[in-house]
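**Q** My structure is below; once you've seen it, I'll send some questions.
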Protein chains: 2
Amino acid sequence: MSIAVPERRSAPPTPYNLDVHNTCLDCSVRAERLFCNMSIETVAVLDAIKFTAIYPKGSLLFVEGEDPRGVFILCSGRVKLTTSSREGKTLIVKIAEAGEVLGASATILSQPYEVSAETLDPSQVNFIKREDFLRFLNTNVEACMHTAEQLSQKYQSAQREIRSLGLARTTSEKLANLLVDWAAEGEETPKGTRLTVLLTHEEIAQMIGTTRETVTRILSDFRKKQLIEVKGSSIFLLARAKLEAMIST
Amino acid sequence: MSIAVPERRSAPPTPYNLDVHNTCLDCSVRAERLFCNMSIETVAVLDAIKFTAIYPKGSLLFVEGEDPRGVFILCSGRVKLTTSSREGKTLIVKIAEAGEVLGASATILSQPYEVSAETLDPSQVNFIKREDFLRFLNTNVEACMHTAEQLSQKYQSAQREIRSLGLARTTSEKLANLLVDWAAEGEETPKGTRLTVLLTHEEIAQMIGTTRETVTRILSDFRKKQLIEVKGSSIFLLARAKLEAMIST
DNA sequence: GCGTCCGTATGACGTTCATCACATTGACGT
DNA sequence: ACGTCAATGTGATGAACGTCATACGGACGC
């Protein structure tokens, strides 16, 4: 489940074996990133106001309820977005991927962060202070449009989560839904789509609002029904069509 | 449950007894509306590209899955945003109030509308065509910022919905949560906060992802426990603190 | 005044799932 | 090789809730 990397920031220039881009202008992956793919002039402004940092796995970028300090642009690595109840039950709202902007809604509205953000991998993150970010948006239509696009995506993704949580009749259905969603990033093999699941059953449970035991049981059930095959951290979807048929949403 | 208005567009200049504002520039409530509260110059552009229409109760502004035609600015009335499963189960995602912009995320991303929108009251709506709206945003930072604010609000509201659906342990908790949310717009009386609920048990059930019967039962239960009192379409929260104590989210 | 319709109320019953309890497996360090 | 700890697997049990069935009540039209 864990990735073999040193847990200390040991050896610059490449801590954690990350491919670090110190300035956005010569970032090699900028064009692929929806938010960062802006004109040279705009990126130059972005570059001037951003602070780059490398975080180890398990770092908290921000915490639910905290007043917004600014936005975090995820250059590399994955970030877990969670929300928790008083009793300590945790719901994983989303796993953010590289290229996403985190904390934008809270920053724009000057409202507390609505979720917590924790790195799942060693990650490079560009931070922009609240006032700098707002000034950036207010003086640059391109940046503002790209932010609106990011927010729209976040909204759509949240909407999908709501559908899954609110419309699915059973937990099996939610889990099938999750597997099929993941299939989009899976690798096709003769056996079926192969997913590399870097999450524990506990974390999967937190993604669909259920308990660890239930996830274990349902996965067992799926195996017995020859819908999936589990090999280490890989899951093969043997019968994707049947899984899709279980989903009513 | 229903409002006494003629169901046909009968007598201009005020069909449905609505206070219609034909041009945004002399709209008397513009300043109170987060999105519309922009400079005269920007509002003039908005006014030039918008189409005003009055819809009767029950009109579909757009349908989930449909390609985005543009955005809808809700000038007056309420709009029910829903999403449905294949089996016909419906989830009410949100009741939009006057001042909200609907369909912006889909329009910005050129992705199908993620929800359906149906008027709950006779409503005045300003429609802006997709290309006009995008051009408006791309050439006007103020409009773009106000749109980003709208999107941020929608995201936060969706996030709250996710919390309630995913973290609540029981349906009672979700219902208590809903009642307490509604209390914000309620009226204080000696008996406790008074809510005017213009929704049927069926619709309430669709808001929290349960069945009509369960809503009826839980409300009965709340009555027996002296937490609420129901009088027609009014609900009095007799013991708001106890309701809040039930909520773990 | 009476039937019709929609919304609400309530009972019976079975399924799903959370909870608690404990066993098993696998990775990793010493 | 062995101990340790996290992750996974599995059983027993009861509460919560969906489903079906049926009854009640108020609004409205004729």
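Ligands are numbered from 1 in the order shown, residues from 1 within each chain, and chains are lettered A, B, ... in the order they appear in the structure tokens.
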Enumerate, as an MDAnalysis selection string, the complete set of residues in segment 76-216 of chain B that a backbone-based DSSP assignment places in helix (DSSP H, G or I).

**A** chainID B and resid 104:109 130:139 141:167 171:183 201:208 212:216

**Q** Take the residues from that selection and put them in a file with C-alpha atoms, as a PDB file, in the first residue's frame.

**A**
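Everything below was put into out-v3.pdb:
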ATOM      1  CA  ALA B 104     -22.743  27.653 -15.525  1.00  0.00           C
ATOM      2  CA  SER B 105     -20.426  24.699 -14.929  1.00  0.00           C
ATOM      3  CA  ALA B 106     -21.816  22.694 -17.836  1.00  0.00           C
ATOM      4  CA  THR B 107     -21.711  25.739 -20.073  1.00  0.00           C
ATOM      5  CA  ILE B 108     -18.128  26.599 -19.185  1.00  0.00           C
ATOM      6  CA  LEU B 109     -16.897  23.043 -19.694  1.00  0.00           C
ATOM      7  CA  ARG B 130     -23.473  29.664 -24.444  1.00  0.00           C
ATOM      8  CA  GLU B 131     -21.287  31.592 -26.887  1.00  0.00           C
ATOM      9  CA  ASP B 132     -22.487  34.932 -25.585  1.00  0.00           C
ATOM     10  CA  PHE B 133     -21.824  33.889 -22.009  1.00  0.00           C
ATOM     11  CA  LEU B 134     -18.334  32.588 -22.742  1.00  0.00           C
ATOM     12  CA  ARG B 135     -17.478  35.715 -24.708  1.00  0.00           C
ATOM     13  CA  PHE B 136     -18.834  37.798 -21.831  1.00  0.00           C
ATOM     14  CA  LEU B 137     -16.583  36.021 -19.318  1.00  0.00           C
ATOM     15  CA  ASN B 138     -13.537  36.084 -21.562  1.00  0.00           C
ATOM     16  CA  THR B 139     -13.793  39.815 -22.117  1.00  0.00           C
ATOM     17  CA  VAL B 141     -12.976  40.138 -15.553  1.00  0.00           C
ATOM     18  CA  GLU B 142     -15.751  41.346 -13.312  1.00  0.00           C
ATOM     19  CA  ALA B 143     -18.269  38.962 -14.823  1.00  0.00           C
ATOM     20  CA  CYS B 144     -15.703  36.201 -14.705  1.00  0.00           C
ATOM     21  CA  MET B 145     -14.966  36.822 -11.021  1.00  0.00           C
ATOM     22  CA  HIS B 146     -18.645  36.879 -10.156  1.00  0.00           C
ATOM     23  CA  THR B 147     -19.084  33.613 -12.013  1.00  0.00           C
ATOM     24  CA  ALA B 148     -16.157  32.116 -10.110  1.00  0.00           C
ATOM     25  CA  GLU B 149     -17.885  33.177  -6.907  1.00  0.00           C
ATOM     26  CA  GLN B 150     -21.118  31.538  -8.002  1.00  0.00           C
ATOM     27  CA  LEU B 151     -19.273  28.347  -8.855  1.00  0.00           C
ATOM     28  CA  SER B 152     -17.493  28.405  -5.507  1.00  0.00           C
ATOM     29  CA  GLN B 153     -20.810  28.680  -3.739  1.00  0.00           C
ATOM     30  CA  LYS B 154     -22.267  25.838  -5.742  1.00  0.00           C
ATOM     31  CA  TYR B 155     -19.229  23.735  -4.883  1.00  0.00           C
ATOM     32  CA  GLN B 156     -19.536  24.497  -1.184  1.00  0.00           C
ATOM     33  CA  SER B 157     -23.219  23.704  -1.228  1.00  0.00           C
ATOM     34  CA  ALA B 158     -22.506  20.415  -3.016  1.00  0.00           C
ATOM     35  CA  GLN B 159     -19.861  19.688  -0.424  1.00  0.00           C
ATOM     36  CA  ARG B 160     -22.358  20.144   2.369  1.00  0.00           C
ATOM     37  CA  GLU B 161     -24.700  17.756   0.604  1.00  0.00           C
ATOM     38  CA  ILE B 162     -21.914  15.186   0.346  1.00  0.00           C
ATOM     39  CA  ARG B 163     -21.203  15.507   4.064  1.00  0.00           C
ATOM     40  CA  SER B 164     -24.813  14.985   4.946  1.00  0.00           C
ATOM     41  CA  LEU B 165     -25.293  12.027   2.597  1.00  0.00           C
ATOM     42  CA  GLY B 166     -21.997  10.346   3.339  1.00  0.00           C
ATOM     43  CA  LEU B 167     -21.371  10.964   7.028  1.00  0.00           C
ATOM     44  CA  THR B 171     -31.827   8.902   8.200  1.00  0.00           C
ATOM     45  CA  SER B 172     -33.094  10.687  11.311  1.00  0.00           C
ATOM     46  CA  GLU B 173     -29.807  12.471  11.401  1.00  0.00           C
ATOM     47  CA  LYS B 174     -30.105  13.597   7.794  1.00  0.00           C
ATOM     48  CA  LEU B 175     -33.614  14.844   8.394  1.00  0.00           C
ATOM     49  CA  ALA B 176     -32.593  16.675  11.562  1.00  0.00           C
ATOM     50  CA  ASN B 177     -29.782  18.191   9.553  1.00  0.00           C
ATOM     51  CA  LEU B 178     -32.196  19.360   6.877  1.00  0.00           C
ATOM     52  CA  LEU B 179     -34.549  20.914   9.413  1.00  0.00           C
ATOM     53  CA  VAL B 180     -31.716  22.757  11.098  1.00  0.00           C
ATOM     54  CA  ASP B 181     -30.468  23.990   7.723  1.00  0.00           C
ATOM     55  CA  TRP B 182     -33.915  25.293   6.942  1.00  0.00           C
ATOM     56  CA  ALA B 183     -34.085  27.006  10.326  1.00  0.00           C
ATOM     57  CA  HIS B 201     -42.794  14.225   2.331  1.00  0.00           C
ATOM     58  CA  GLU B 202     -41.974  12.636  -0.994  1.00  0.00           C
ATOM     59  CA  GLU B 203     -39.823  15.616  -1.974  1.00  0.00           C
ATOM     60  CA  ILE B 204     -38.177  15.768   1.424  1.00  0.00           C
ATOM     61  CA  ALA B 205     -37.355  12.071   1.018  1.00  0.00           C
ATOM     62  CA  GLN B 206     -35.756  12.825  -2.327  1.00  0.00           C
ATOM     63  CA  MET B 207     -33.621  15.492  -0.716  1.00  0.00           C
ATOM     64  CA  ILE B 208     -32.077  13.095   1.781  1.00  0.00           C
ATOM     65  CA  ARG B 212     -41.613   8.877   1.680  1.00  0.00           C
ATOM     66  CA  GLU B 213     -42.708   6.434   4.385  1.00  0.00           C
ATOM     67  CA  THR B 214     -39.487   6.853   6.302  1.00  0.00           C
ATOM     68  CA  VAL B 215     -39.856  10.634   6.280  1.00  0.00           C
ATOM     69  CA  THR B 216     -43.403  10.330   7.602  1.00  0.00           C
TER      70      THR B 216
END

**Q** As a PyMOL selection string, could you give me every residue of chain D near chain A (at most 12 Å apart, counting only C-alpha atoms (C1' of nucleotides))?

**A** chain D and resi 6-11+17-18

**Q** For Val93 of chain A, work out the shell of residues within 7 Å, counting only C-alpha atoms (C1' of nucleotides) and skipping chain neighbours fewer than 3 positions away, then give it as a list in words.

**A**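 Non-adjacent residues within range: Leu81, Thr82, Thr83 and Met207 of chain A.
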
**Q** Determine which residues of chain C sit within 9 Å of chain A, taking into account only C-alpha atoms (C1' of nucleotides), and present them as a PyMOL selection string.

**A** chain C and resi 16-18

**Q** Export C-alpha atoms (C1' of nucleotides) of the chosen residues as a PDB file, in the first residue's frame?

**A**
ATOM      1  C1'  DT C  16     -28.880  -4.802   4.275  1.00  0.00           C
ATOM      2  C1'  DC C  17     -25.462  -3.372   6.858  1.00  0.00           C
ATOM      3  C1'  DA C  18     -22.996  -1.563  11.210  1.00  0.00           C
TER       4       DA C  18
END

**Q** Show which residues sit within 9 Å of Arg69 of chain A, as an MDAnalysis selection string. Count only C-alpha atoms (C1' of nucleotides), and ignore same-chain residues fewer than 2 positions away.

**A** chainID A and resid 62 66:67 71 103 107 128:131

**Q** Segment 43-53 of chain B: which residues within 7 Å, counting only C-alpha atoms (C1' of nucleotides), same-chain residues fewer than 3 positions away excluded, as a PyMOL selection string?

**A** chain B and resi 22-25+38-40+124-128+132

**Q** Any chance you can output those residues with N, CA and C atoms as an mmCIF file, in the first residue's frame?

**A**
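Contents of the output file out_12.cif:
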data_model
loop_
_atom_site.group_PDB
_atom_site.id
_atom_site.type_symbol
_atom_site.label_atom_id
_atom_site.label_comp_id
_atom_site.auth_asym_id
_atom_site.auth_seq_id
_atom_site.Cartn_x
_atom_site.Cartn_y
_atom_site.Cartn_z
ATOM 1 N N ASN B 22 -37.683 43.993 -16.714
ATOM 2 C CA ASN B 22 -37.340 43.669 -18.085
ATOM 3 C C ASN B 22 -35.911 44.026 -18.436
ATOM 4 N N THR B 23 -35.399 45.076 -17.861
ATOM 5 C CA THR B 23 -33.985 45.359 -18.096
ATOM 6 C C THR B 23 -33.251 45.319 -16.763
ATOM 7 N N CYS B 24 -32.053 44.734 -16.826
ATOM 8 C CA CYS B 24 -31.261 44.548 -15.621
ATOM 9 C C CYS B 24 -30.867 45.889 -15.020
ATOM 10 N N LEU B 25 -30.738 46.907 -15.904
ATOM 11 C CA LEU B 25 -30.205 48.177 -15.434
ATOM 12 C C LEU B 25 -31.100 48.832 -14.392
ATOM 13 N N MET B 38 -22.991 44.031 -10.114
ATOM 14 C CA MET B 38 -21.754 44.412 -10.805
ATOM 15 C C MET B 38 -21.854 45.863 -11.264
ATOM 16 N N SER B 39 -20.777 46.366 -11.846
ATOM 17 C CA SER B 39 -20.772 47.763 -12.282
ATOM 18 C C SER B 39 -21.798 47.982 -13.390
ATOM 19 N N ILE B 40 -22.210 49.246 -13.507
ATOM 20 C CA ILE B 40 -23.196 49.600 -14.538
ATOM 21 C C ILE B 40 -22.759 49.124 -15.917
ATOM 22 N N GLN B 124 -39.136 34.306 -12.970
ATOM 23 C CA GLN B 124 -38.502 35.069 -14.037
ATOM 24 C C GLN B 124 -37.073 34.578 -14.182
ATOM 25 N N VAL B 125 -36.689 34.313 -15.421
ATOM 26 C CA VAL B 125 -35.364 33.750 -15.683
ATOM 27 C C VAL B 125 -34.709 34.503 -16.832
ATOM 28 N N ASN B 126 -33.455 34.875 -16.647
ATOM 29 C CA ASN B 126 -32.690 35.457 -17.745
ATOM 30 C C ASN B 126 -31.775 34.395 -18.343
ATOM 31 N N PHE B 127 -31.943 34.176 -19.621
ATOM 32 C CA PHE B 127 -31.138 33.167 -20.306
ATOM 33 C C PHE B 127 -30.032 33.845 -21.110
ATOM 34 N N ILE B 128 -28.835 33.261 -21.056
ATOM 35 C CA ILE B 128 -27.747 33.754 -21.898
ATOM 36 C C ILE B 128 -27.185 32.604 -22.709
ATOM 37 N N ASP B 132 -22.425 33.582 -26.139
ATOM 38 C CA ASP B 132 -22.487 34.932 -25.585
ATOM 39 C C ASP B 132 -21.912 34.955 -24.169
#

**Q** Skipping near chain neighbours, those fewer than 3 positions away, what residues fall within 12 Å of DC2 of chain C using only C-alpha atoms (C1' of nucleotides), listed as a list in words?

**A**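 The residues that qualify are DC28, DG29 and DC30 of chain D.
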
**Q** Mind writing the picked residues with C-alpha atoms (C1' of nucleotides) as an mmCIF file, in the first residue's frame?

**A**
data_model
loop_
_atom_site.group_PDB
_atom_site.id
_atom_site.type_symbol
_atom_site.label_atom_id
_atom_site.label_comp_id
_atom_site.auth_asym_id
_atom_site.auth_seq_id
_atom_site.Cartn_x
_atom_site.Cartn_y
_atom_site.Cartn_z
ATOM 1 C "C1'" DC D 28 -61.372 20.229 -4.950
ATOM 2 C "C1'" DG D 29 -64.670 19.630 -8.744
ATOM 3 C "C1'" DC D 30 -69.160 18.507 -10.201
#

**Q** So that I can see what lies close to Arg223 of chain A, please list as a ChimeraX atom specification the residues with an atom at most 12 Å from it, counting only C-alpha atoms (C1' of nucleotides) and leaving out residues fewer than 6 positions away in the same chain.

**A** /A:216-217,229-231,235-239,243

**Q** Write out, as a CSV table (one decimal), in the first residue's frame, the residues just selected, with N, CA and C atoms.

**A**
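Output saved as again_22.csv:
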chain,number,residue,atom,x,y,z
A,216,THR,N,-14.6,-5.4,2.6
A,216,THR,CA,-14.0,-6.7,2.4
A,216,THR,C,-15.0,-7.7,2.0
A,217,ARG,N,-16.1,-7.7,2.6
A,217,ARG,CA,-17.2,-8.7,2.3
A,217,ARG,C,-17.6,-8.6,0.9
A,229,GLU,N,-10.9,-10.1,-10.0
A,229,GLU,CA,-9.8,-11.0,-9.4
A,229,GLU,C,-8.8,-10.1,-8.8
A,230,VAL,N,-8.4,-10.4,-7.5
A,230,VAL,CA,-7.5,-9.6,-6.8
A,230,VAL,C,-6.1,-10.2,-6.7
A,231,LYS,N,-5.1,-9.5,-7.2
A,231,LYS,CA,-3.7,-10.0,-7.1
A,231,LYS,C,-2.8,-8.8,-6.5
A,235,ILE,N,-6.4,-5.1,-9.1
A,235,ILE,CA,-7.7,-5.7,-9.3
A,235,ILE,C,-8.0,-5.8,-10.7
A,236,PHE,N,-8.4,-7.0,-11.2
A,236,PHE,CA,-8.8,-7.2,-12.6
A,236,PHE,C,-10.3,-7.2,-12.7
A,237,LEU,N,-10.8,-6.4,-13.5
A,237,LEU,CA,-12.3,-6.4,-13.7
A,237,LEU,C,-12.6,-7.5,-14.8
A,238,LEU,N,-12.9,-8.7,-14.3
A,238,LEU,CA,-13.2,-9.8,-15.3
A,238,LEU,C,-14.4,-9.6,-16.1
A,239,ALA,N,-15.4,-9.0,-15.4
A,239,ALA,CA,-16.7,-8.8,-16.1
A,239,ALA,C,-17.2,-7.4,-15.9
A,243,LEU,N,-20.6,-5.6,-13.8
A,243,LEU,CA,-20.5,-4.6,-12.8
A,243,LEU,C,-21.3,-3.3,-13.2
